[in-house]
>>> print(open('query_21.tsv').read())   # TSV, C-alpha atoms
chain	number	residue	atom	x	y	z
A	896	MET	CA	-42.11	-56.54	-14.95
A	897	ALA	CA	-40.78	-58.11	-11.77
A	898	LEU	CA	-44.04	-60.00	-11.32
A	899	ARG	CA	-43.77	-61.39	-14.85
A	900	SER	CA	-40.22	-62.59	-14.12
A	901	ILE	CA	-41.44	-64.33	-10.97
A	902	LEU	CA	-44.21	-66.02	-12.96
A	903	PHE	CA	-41.68	-67.28	-15.51
A	904	LEU	CA	-39.62	-68.71	-12.67
A	905	ILE	CA	-42.49	-70.26	-10.71
A	906	PHE	CA	-44.44	-71.82	-13.55
A	907	PRO	CA	-41.73	-74.27	-14.79
A	908	LEU	CA	-40.97	-75.09	-11.16
A	909	TYR	CA	-44.65	-75.83	-10.54
A	910	LEU	CA	-44.81	-78.04	-13.64
A	911	MET	CA	-41.75	-79.97	-12.49
A	912	CYS	CA	-43.18	-80.54	-9.04
A	913	SER	CA	-46.68	-81.42	-10.23
A	914	SER	CA	-45.55	-84.16	-12.63
A	915	THR	CA	-45.60	-86.80	-9.90
A	916	THR	CA	-45.67	-90.51	-10.66
A	917	PRO	CA	-49.17	-92.03	-10.67
A	918	ILE	CA	-49.97	-94.55	-7.98
A	919	PRO	CA	-50.37	-98.11	-9.27
A	920	LEU	CA	-53.36	-99.92	-7.80
A	921	PHE	CA	-54.49	-103.49	-8.40
A	922	ASP	CA	-56.82	-106.07	-6.89
A	923	PRO	CA	-54.86	-108.92	-5.31
A	924	PRO	CA	-56.51	-112.36	-5.39
A	925	GLU	CA	-59.22	-112.65	-2.76
A	926	GLY	CA	-58.13	-114.15	0.55
A	927	TRP	CA	-54.40	-114.02	-0.22
A	928	GLU	CA	-52.05	-112.92	2.55
A	929	CYS	CA	-49.90	-109.84	2.34
A	930	ALA	CA	-46.14	-110.48	2.25
A	931	ILE	CA	-44.09	-109.05	5.09
A	932	ALA	CA	-42.62	-105.81	3.73
A	933	ASP	CA	-39.22	-106.36	5.39
A	934	ASN	CA	-38.60	-109.36	3.16
A	935	LEU	CA	-39.11	-107.55	-0.14
A	936	SER	CA	-36.52	-105.87	-2.38
A	937	PRO	CA	-36.75	-102.05	-2.32
A	938	CYS	CA	-38.26	-101.88	-5.82
A	939	ILE	CA	-41.11	-104.21	-4.83
A	940	GLN	CA	-44.14	-102.22	-3.74
A	941	VAL	CA	-46.15	-105.08	-2.29
A	942	GLY	CA	-46.51	-108.86	-2.47
A	943	PHE	CA	-49.34	-111.30	-1.81
A	944	LEU	CA	-49.29	-115.02	-1.07
A	945	GLY	CA	-51.91	-117.69	-1.67
A	946	LYS	CA	-52.13	-121.33	-0.72
A	947	GLY	CA	-50.85	-123.99	-3.11
A	948	SER	CA	-50.81	-127.75	-3.08
A	949	THR	CA	-47.17	-127.83	-1.89
A	950	ALA	CA	-44.90	-125.81	0.43
A	951	PHE	CA	-44.29	-123.47	-2.52
A	952	ARG	CA	-47.04	-120.86	-2.16
A	953	PRO	CA	-48.32	-118.98	-5.21
A	954	SER	CA	-47.42	-115.29	-5.06
A	955	VAL	CA	-48.03	-112.00	-6.83
A	956	ASN	CA	-45.90	-108.88	-6.48
A	957	LEU	CA	-45.68	-105.41	-7.96
A	958	ALA	CA	-42.36	-103.79	-8.87
A	959	ILE	CA	-41.77	-100.40	-10.46
A	960	GLU	CA	-38.76	-99.02	-12.30
A	961	GLU	CA	-37.94	-95.57	-13.62
A	962	ILE	CA	-37.04	-95.90	-17.30
A	963	ASP	CA	-36.33	-93.73	-20.33
A	964	VAL	CA	-37.20	-96.19	-23.10
A	965	SER	CA	-40.29	-97.63	-24.77
A	966	LEU	CA	-41.99	-100.86	-23.68
A	967	LYS	CA	-40.37	-102.64	-26.63
A	968	GLU	CA	-36.86	-101.58	-25.60
A	969	TYR	CA	-37.55	-102.30	-21.94
A	970	LEU	CA	-38.79	-105.77	-22.79
A	971	LYS	CA	-35.52	-106.50	-24.62
A	972	ALA	CA	-33.58	-105.59	-21.47
A	973	VAL	CA	-35.89	-107.73	-19.31
A	974	LYS	CA	-35.41	-110.70	-21.64
A	975	GLU	CA	-31.61	-110.31	-21.34
A	976	ILE	CA	-31.81	-110.17	-17.54
A	977	HIS	CA	-33.89	-113.32	-17.29
A	978	LEU	CA	-32.01	-115.32	-19.89
A	979	GLY	CA	-28.76	-114.30	-18.20
A	980	THR	CA	-29.77	-116.43	-15.21
A	981	ALA	CA	-28.78	-120.08	-15.59
A	982	GLY	CA	-31.66	-122.53	-16.00
A	983	THR	CA	-34.21	-119.79	-16.75
A	984	THR	CA	-36.51	-119.68	-19.76
A	985	TRP	CA	-38.32	-116.56	-21.00
A	986	ARG	CA	-41.14	-116.23	-23.53
A	987	ASP	CA	-43.05	-113.21	-24.85
A	988	LEU	CA	-46.78	-114.08	-24.83
A	989	GLY	CA	-47.88	-110.88	-26.53
A	990	LYS	CA	-50.11	-107.90	-25.83
A	991	PHE	CA	-52.13	-107.76	-22.63
A	992	LYS	CA	-54.98	-105.37	-21.79
A	993	THR	CA	-55.17	-103.82	-18.34
A	994	ARG	CA	-57.22	-101.01	-16.80
A	995	SER	CA	-54.10	-98.83	-17.09
A	996	GLY	CA	-53.63	-99.51	-20.80
A	997	GLU	CA	-51.91	-102.08	-22.93
A	998	GLY	CA	-49.02	-104.06	-21.53
A	999	ARG	CA	-47.02	-107.12	-22.46
A	1000	LEU	CA	-47.38	-110.56	-20.96
A	1001	THR	CA	-44.34	-112.82	-20.59
A	1002	GLU	CA	-43.70	-116.25	-19.14
A	1003	ILE	CA	-40.67	-117.21	-17.09
A	1004	GLY	CA	-39.62	-120.72	-16.13
A	1005	THR	CA	-37.00	-121.54	-13.53
A	1006	ASN	CA	-36.02	-124.12	-10.94
A	1007	SER	CA	-36.07	-123.97	-7.16
A	1008	PRO	CA	-35.20	-126.41	-4.38
A	1009	LEU	CA	-38.96	-127.07	-4.16
A	1010	GLY	CA	-39.35	-127.91	-7.86
A	1011	SER	CA	-39.88	-126.25	-11.25
A	1012	ILE	CA	-41.52	-122.82	-11.14
A	1013	LYS	CA	-43.64	-121.09	-13.73
A	1014	MET	CA	-44.18	-117.36	-13.63
A	1015	LEU	CA	-46.27	-114.87	-15.55
A	1016	GLN	CA	-44.92	-111.34	-15.71
A	1017	MET	CA	-46.93	-108.44	-17.08
A	1018	ILE	CA	-45.27	-105.13	-17.85
A	1019	VAL	CA	-46.97	-101.80	-18.52
A	1020	VAL	CA	-45.00	-98.67	-19.37
A	1021	SER	CA	-46.55	-95.30	-18.65
A	1022	GLY	CA	-44.51	-92.12	-18.88
A	1023	HIS	CA	-41.08	-92.83	-17.49
A	1024	THR	CA	-42.15	-95.75	-15.32
A	1025	ALA	CA	-42.44	-99.49	-15.88
A	1026	TYR	CA	-45.05	-101.26	-13.74
A	1027	ILE	CA	-44.23	-104.95	-13.37
A	1028	LEU	CA	-46.66	-107.50	-11.94
A	1029	THR	CA	-45.24	-110.99	-11.41
A	1030	GLY	CA	-47.21	-114.09	-10.48
A	1031	ALA	CA	-45.39	-117.29	-9.53
A	1032	SER	CA	-46.45	-120.82	-8.74
A	1033	ILE	CA	-45.01	-124.30	-8.75
A	1034	LYS	CA	-45.39	-125.90	-12.19
A	1035	GLU	CA	-47.99	-128.44	-10.99
A	1036	ASP	CA	-50.22	-125.63	-9.65
A	1037	PHE	CA	-49.77	-123.28	-12.59
A	1038	LEU	CA	-52.96	-124.16	-14.49
A	1039	ARG	CA	-54.93	-123.63	-11.29
A	1040	PHE	CA	-53.54	-120.12	-10.72
A	1041	GLN	CA	-53.07	-118.89	-14.29
A	1042	GLU	CA	-56.54	-117.33	-14.40
A	1043	THR	CA	-56.03	-115.74	-10.97
A	1044	PHE	CA	-52.79	-114.10	-12.11
A	1045	MET	CA	-54.40	-112.80	-15.33
A	1046	LYS	CA	-57.34	-111.32	-13.41
A	1047	THR	CA	-54.95	-109.58	-11.01
A	1048	PHE	CA	-52.86	-108.22	-13.91
A	1049	GLN	CA	-55.97	-106.93	-15.71
A	1050	SER	CA	-56.97	-104.93	-12.61
A	1051	LEU	CA	-53.80	-102.78	-12.72
A	1052	ARG	CA	-54.76	-99.12	-12.87
A	1053	LEU	CA	-52.89	-95.86	-12.35
A	1054	ALA	CA	-54.41	-93.28	-10.04
A	1055	GLY	CA	-53.46	-89.60	-9.98
A	1056	ASP	CA	-53.33	-89.80	-6.20
A	1057	LEU	CA	-54.45	-92.20	-3.51
A	1058	PHE	CA	-57.84	-90.59	-3.11
A	1059	SER	CA	-58.84	-90.03	-6.73
A	1060	PRO	CA	-60.50	-93.49	-7.06
A	1061	LEU	CA	-62.85	-92.63	-4.15
A	1062	PRO	CA	-66.36	-91.20	-4.51
A	1063	GLU	CA	-66.31	-87.39	-4.17
A	1064	ALA	CA	-67.65	-87.22	-0.58
A	1065	LYS	CA	-65.16	-89.79	0.73
A	1066	LYS	CA	-62.35	-88.21	-1.27
A	1067	LYS	CA	-63.00	-84.88	0.46
A	1068	GLN	CA	-63.15	-86.60	3.84
A	1069	PHE	CA	-59.75	-88.27	3.37
A	1070	GLU	CA	-58.18	-85.11	1.91
A	1071	ALA	CA	-59.39	-83.05	4.86
A	1072	PHE	CA	-58.01	-85.63	7.28
A	1073	PHE	CA	-54.63	-85.78	5.52
A	1074	SER	CA	-54.28	-81.99	5.31
A	1075	LYS	CA	-54.57	-81.89	9.12
A	1076	LEU	CA	-51.91	-84.60	9.43
A	1077	GLY	CA	-49.41	-82.23	7.85
A	1078	GLN	CA	-49.78	-79.77	10.73
A	1079	SER	CA	-47.36	-79.92	13.65
A	1080	ILE	CA	-48.03	-82.56	16.30
A	1081	ALA	CA	-47.37	-81.60	19.91
A	1082	ASP	CA	-46.45	-84.90	21.53
A	1083	ASP	CA	-46.49	-88.66	21.31
A	1084	ARG	CA	-50.01	-88.90	22.77
A	1085	GLU	CA	-51.38	-86.74	19.94
A	1086	ARG	CA	-49.40	-88.78	17.43
A	1087	LYS	CA	-50.94	-92.02	18.72
A	1088	ALA	CA	-54.42	-90.47	18.67
A	1089	LYS	CA	-54.01	-89.38	15.04
A	1090	TRP	CA	-52.71	-92.81	14.07
A	1091	ALA	CA	-55.75	-94.42	15.75
A	1092	ASP	CA	-58.10	-91.96	13.98
A	1093	LEU	CA	-56.51	-92.81	10.62
A	1094	GLN	CA	-56.97	-96.56	11.19
A	1095	LYS	CA	-60.60	-95.95	12.13
A	1096	LEU	CA	-61.20	-93.85	9.03
A	1097	VAL	CA	-59.64	-96.49	6.76
A	1098	ILE	CA	-61.74	-99.28	8.31
A	1099	GLN	CA	-64.98	-97.30	8.16
A	1100	GLU	CA	-64.67	-95.50	4.86
A	1101	GLY	CA	-62.35	-97.55	2.66
A	1102	PRO	CA	-63.23	-101.27	2.87
A	1103	GLU	CA	-64.41	-101.49	-0.76
A	1104	MET	CA	-61.04	-100.15	-1.94
A	1105	GLY	CA	-59.28	-103.38	-0.99
A	1106	ASN	CA	-56.32	-104.30	1.16
A	1107	TYR	CA	-53.60	-102.89	-1.06
A	1108	TRP	CA	-55.18	-99.43	-1.15
A	1109	GLN	CA	-55.69	-99.56	2.63
A	1110	ILE	CA	-52.02	-100.41	3.17
A	1111	LEU	CA	-50.97	-97.49	0.94
A	1112	VAL	CA	-53.21	-95.01	2.78
A	1113	LEU	CA	-52.01	-96.20	6.19
A	1114	LYS	CA	-48.37	-96.04	5.08
A	1115	SER	CA	-48.82	-92.57	3.64
A	1116	GLY	CA	-50.63	-91.33	6.76
A	1117	ARG	CA	-48.13	-92.89	9.16
A	1118	GLU	CA	-45.25	-91.24	7.32
A	1119	LYS	CA	-46.96	-87.87	7.77
A	1120	ILE	CA	-47.73	-88.45	11.45
A	1121	TYR	CA	-44.24	-89.66	12.33
A	1122	SER	CA	-42.27	-87.56	9.80
A	1123	ASP	CA	-40.65	-85.28	12.40
A	1124	THR	CA	-39.65	-88.15	14.70
A	1125	GLN	CA	-37.96	-90.10	11.89
A	1126	THR	CA	-35.54	-87.26	11.11
A	1127	GLU	CA	-34.42	-86.91	14.73
B	526	MET	CA	-53.91	-57.30	-10.28
B	527	ILE	CA	-54.32	-60.24	-12.67
B	528	HIS	CA	-50.68	-61.15	-12.13
B	529	ARG	CA	-51.17	-61.13	-8.40
B	530	ALA	CA	-54.22	-63.40	-8.70
B	531	LEU	CA	-52.28	-65.75	-10.95
B	532	LEU	CA	-49.45	-65.85	-8.46
B	533	VAL	CA	-51.85	-66.75	-5.66
B	534	ILE	CA	-53.45	-69.53	-7.75
B	535	LEU	CA	-50.04	-70.92	-8.71
B	536	ALA	CA	-48.82	-70.82	-5.14
B	537	LEU	CA	-51.96	-72.61	-3.96
B	538	ALA	CA	-51.63	-75.24	-6.68
B	539	PHE	CA	-47.96	-75.67	-5.82
B	540	PHE	CA	-48.58	-76.36	-2.16
B	541	THR	CA	-51.53	-78.69	-2.67
B	542	THR	CA	-49.96	-80.82	-5.42
B	543	GLY	CA	-48.43	-84.13	-4.45
B	544	PHE	CA	-51.00	-84.58	-1.72
B	545	ALA	CA	-51.03	-88.14	-0.39
B	546	GLN	CA	-48.40	-89.24	-2.86
B	547	GLU	CA	-45.98	-90.61	-0.29
B	548	VAL	CA	-45.78	-94.01	-1.90
B	549	ARG	CA	-42.40	-95.56	-2.69
B	550	ASN	CA	-41.19	-93.75	-5.82
B	551	PRO	CA	-39.76	-95.63	-8.79
B	552	GLN	CA	-35.97	-95.87	-8.73
B	553	ARG	CA	-33.76	-95.99	-11.79
B	554	SER	CA	-31.94	-99.28	-11.49
B	555	SER	CA	-28.24	-99.68	-12.24
B	556	ARG	CA	-29.14	-101.95	-15.17
B	557	ARG	CA	-32.26	-101.52	-17.30
B	558	GLY	CA	-34.82	-104.25	-16.63
B	559	GLU	CA	-33.26	-105.12	-13.29
B	560	ASN	CA	-36.44	-104.53	-11.29
B	561	ALA	CA	-38.36	-107.00	-13.46
B	562	GLY	CA	-35.61	-109.43	-12.49
B	563	TYR	CA	-36.18	-108.58	-8.82
B	564	GLY	CA	-39.90	-109.14	-9.42
B	565	SER	CA	-39.36	-112.76	-10.46
B	566	ARG	CA	-36.61	-113.34	-7.87
B	567	ASP	CA	-38.75	-111.99	-5.02
B	568	ALA	CA	-41.74	-113.99	-6.26
B	569	THR	CA	-39.67	-117.17	-6.01
B	570	VAL	CA	-38.21	-116.32	-2.59
B	571	LEU	CA	-41.58	-115.22	-1.16
B	572	SER	CA	-43.32	-118.33	-2.47
B	573	MET	CA	-40.66	-120.59	-0.97
B	574	MET	CA	-40.38	-118.84	2.39
B	575	GLY	CA	-44.10	-118.08	2.65
B	576	TRP	CA	-43.72	-114.94	4.74
B	577	GLY	CA	-47.28	-113.72	4.67
B	578	ILE	CA	-49.77	-112.40	7.12
B	579	GLY	CA	-53.55	-112.82	7.06
B	580	LEU	CA	-55.60	-109.75	6.30
B	581	GLY	CA	-58.90	-111.13	7.45
B	582	VAL	CA	-58.27	-110.37	11.10
B	583	GLY	CA	-58.69	-106.66	10.73
B	584	ILE	CA	-56.82	-103.44	10.85
B	585	ALA	CA	-54.38	-104.42	13.62
B	586	THR	CA	-52.84	-106.93	11.25
B	587	LEU	CA	-52.82	-104.44	8.41
B	588	CYS	CA	-50.92	-101.96	10.55
B	589	ALA	CA	-48.37	-104.61	11.46
B	590	LEU	CA	-47.48	-104.86	7.78
B	591	ILE	CA	-46.28	-101.29	7.63
B	592	PRO	CA	-42.50	-101.04	8.01
B	593	ASN	CA	-42.11	-99.59	11.44
B	594	ASN	CA	-39.14	-97.58	12.56
B	595	THR	CA	-40.95	-95.67	15.24
B	596	GLY	CA	-40.87	-98.12	18.08
B	597	ALA	CA	-43.95	-100.33	17.72
B	598	SER	CA	-43.32	-103.97	16.82
B	599	ALA	CA	-43.99	-105.57	13.45
B	600	ALA	CA	-45.74	-108.93	13.32
B	601	HIS	CA	-44.14	-111.82	11.46
B	602	THR	CA	-45.77	-115.13	10.77
B	603	SER	CA	-44.01	-117.85	8.93
B	604	HIS	CA	-45.76	-120.67	7.23
>>> encode(input="query_21.tsv", output="structure tokens")
Amino acid sequence: MALRSILFLIFPLYLMCSSTTPIPLFDPPEGWECAIADNLSPCIQVGFLGKGSTAFRPSVNLAIEEIDVSLKEYLKAVKEIHLGTAGTTWRDLGKFKTRSGEGRLTEIGTNSPLGSIKMLQMIVVSGHTAYILTGASIKEDFLRFQETFMKTFQSLRLAGDLFSPLPEAKKKQFEAFFSKLGQSIADDRERKAKWADLQKLVIQEGPEMGNYWQILVLKSGREKIYSDTQTE
Amino acid sequence: MIHRALLVILALAFFTTGFAQEVRNPQRSSRRGENAGYGSRDATVLSMMGWGIGLGVGIATLCALIPNNTGASAAHTSH
């Protein structure tokens, strides 16, 4: 009887803890530079910069937001936000297919000290999360980068965890490595050694996964390695 | 006996779930749609300031991109 009560208590708790948010992955345009993380708003996961014809560099970034409404309702709110900014135009361009499902493509126009800007913003809603990819370029460069932005948006996919997109053998290798990272680390020398091992593993085993995935794995690993020092 | 086995399986599943999920979690914004607004604002700011760092030079550069509050320095290149 007692065991049954424990099961009733544990099972909902397990379900609550296991319903973690999927990890959004996408392929940034080839050769683009990664934006310095310190200069991004907290909701922005990552940003990439290309080279344009002017000082205004084309960019792509990924934002996420926890929501409790449908894509249609969310889009209404987004429209209000953008149109609430003076000198900004907003247009719904319709449905957009991605590897994570169907999203909505919108176009935003605004002004900057460097000239008129055109942006494409693609929004996918999955569960209670909105995934927002935004591509921006100066108006003169827009036609040149439009295709690049669309290709990047199409590549958006949601992974159960960081290692699920890997082939089985590599997946096991990374999981084994990460499970050891969770164990206690004696001193700073060991910490540095583990950090070096992680970098080596990512270089050797994950090049085909792309820069964004590599950054996520390194971030995740570093947080595990240095978790006890950050709370001190 | 079956209950005990179930308990063990659940406990195992509980402790192994969420593995490698330490990616920035979505935050509920104070106003719905706000983060899409940040997306376009940050795109504009990033594009104007051009704070990027090349990824072609290998893992050392990649590591410099990771926000670092553990002592090592972060690399910044402005264009």
>>> atom_distance(input="query_21.tsv", atom1="CA of Leu1113 (chain A)", atom2="CA of Gln1094 (chain A)")
7.1 Å
>>> residues_around(input="query_21.tsv", residues="Thr569 (chain B)", least_positions_apart="4", cutoff="9 Å", atoms="all atoms listed in the file", output="list of chain:residue names")
A:Phe951, A:Pro953, A:Ser954, A:Ser1007, A:Ile1012, A:Met1014, A:Ala1031, A:Ser1032, B:Gly564, B:Ser565, B:Met573, B:Met574
>>> atom_distance(input="query_21.tsv", atom1="CA of Leu1061 (chain A)", atom2="CA of Pro924 (chain A)")
20.8 Å
>>> closest_residue(input="query_21.tsv", among="A:Phe943, A:Tyr969, A:Phe991, A:Tyr1026", to="Thr916 (chain A)", atoms="all atoms listed in the file")
A:Tyr1026
>>> residues_around(input="query_21.tsv", residues="Val1020 (chain A)", least_positions_apart="6", cutoff="8 Å", atoms="all atoms listed in the file", output="list in words")
Ser965, Leu966, Gly998 and Tyr1026 of chain A
>>> closest_residue(input="query_21.tsv", among="A:Asp987, A:Glu1103, A:Glu1118, A:Glu1085", to="chain B", atoms="only C-alpha atoms")
A:Glu1118
>>> atom_distance(input="query_21.tsv", atom1="CA of Gly942 (chain A)", atom2="CA of Cys929 (chain A)")
6.0 Å
>>> closest_residue(input="query_21.tsv", among="A:Ile939, A:Leu1111, A:Leu944, A:Ala930", to="Gly1030 (chain A)", atoms="only C-alpha atoms")
A:Leu944
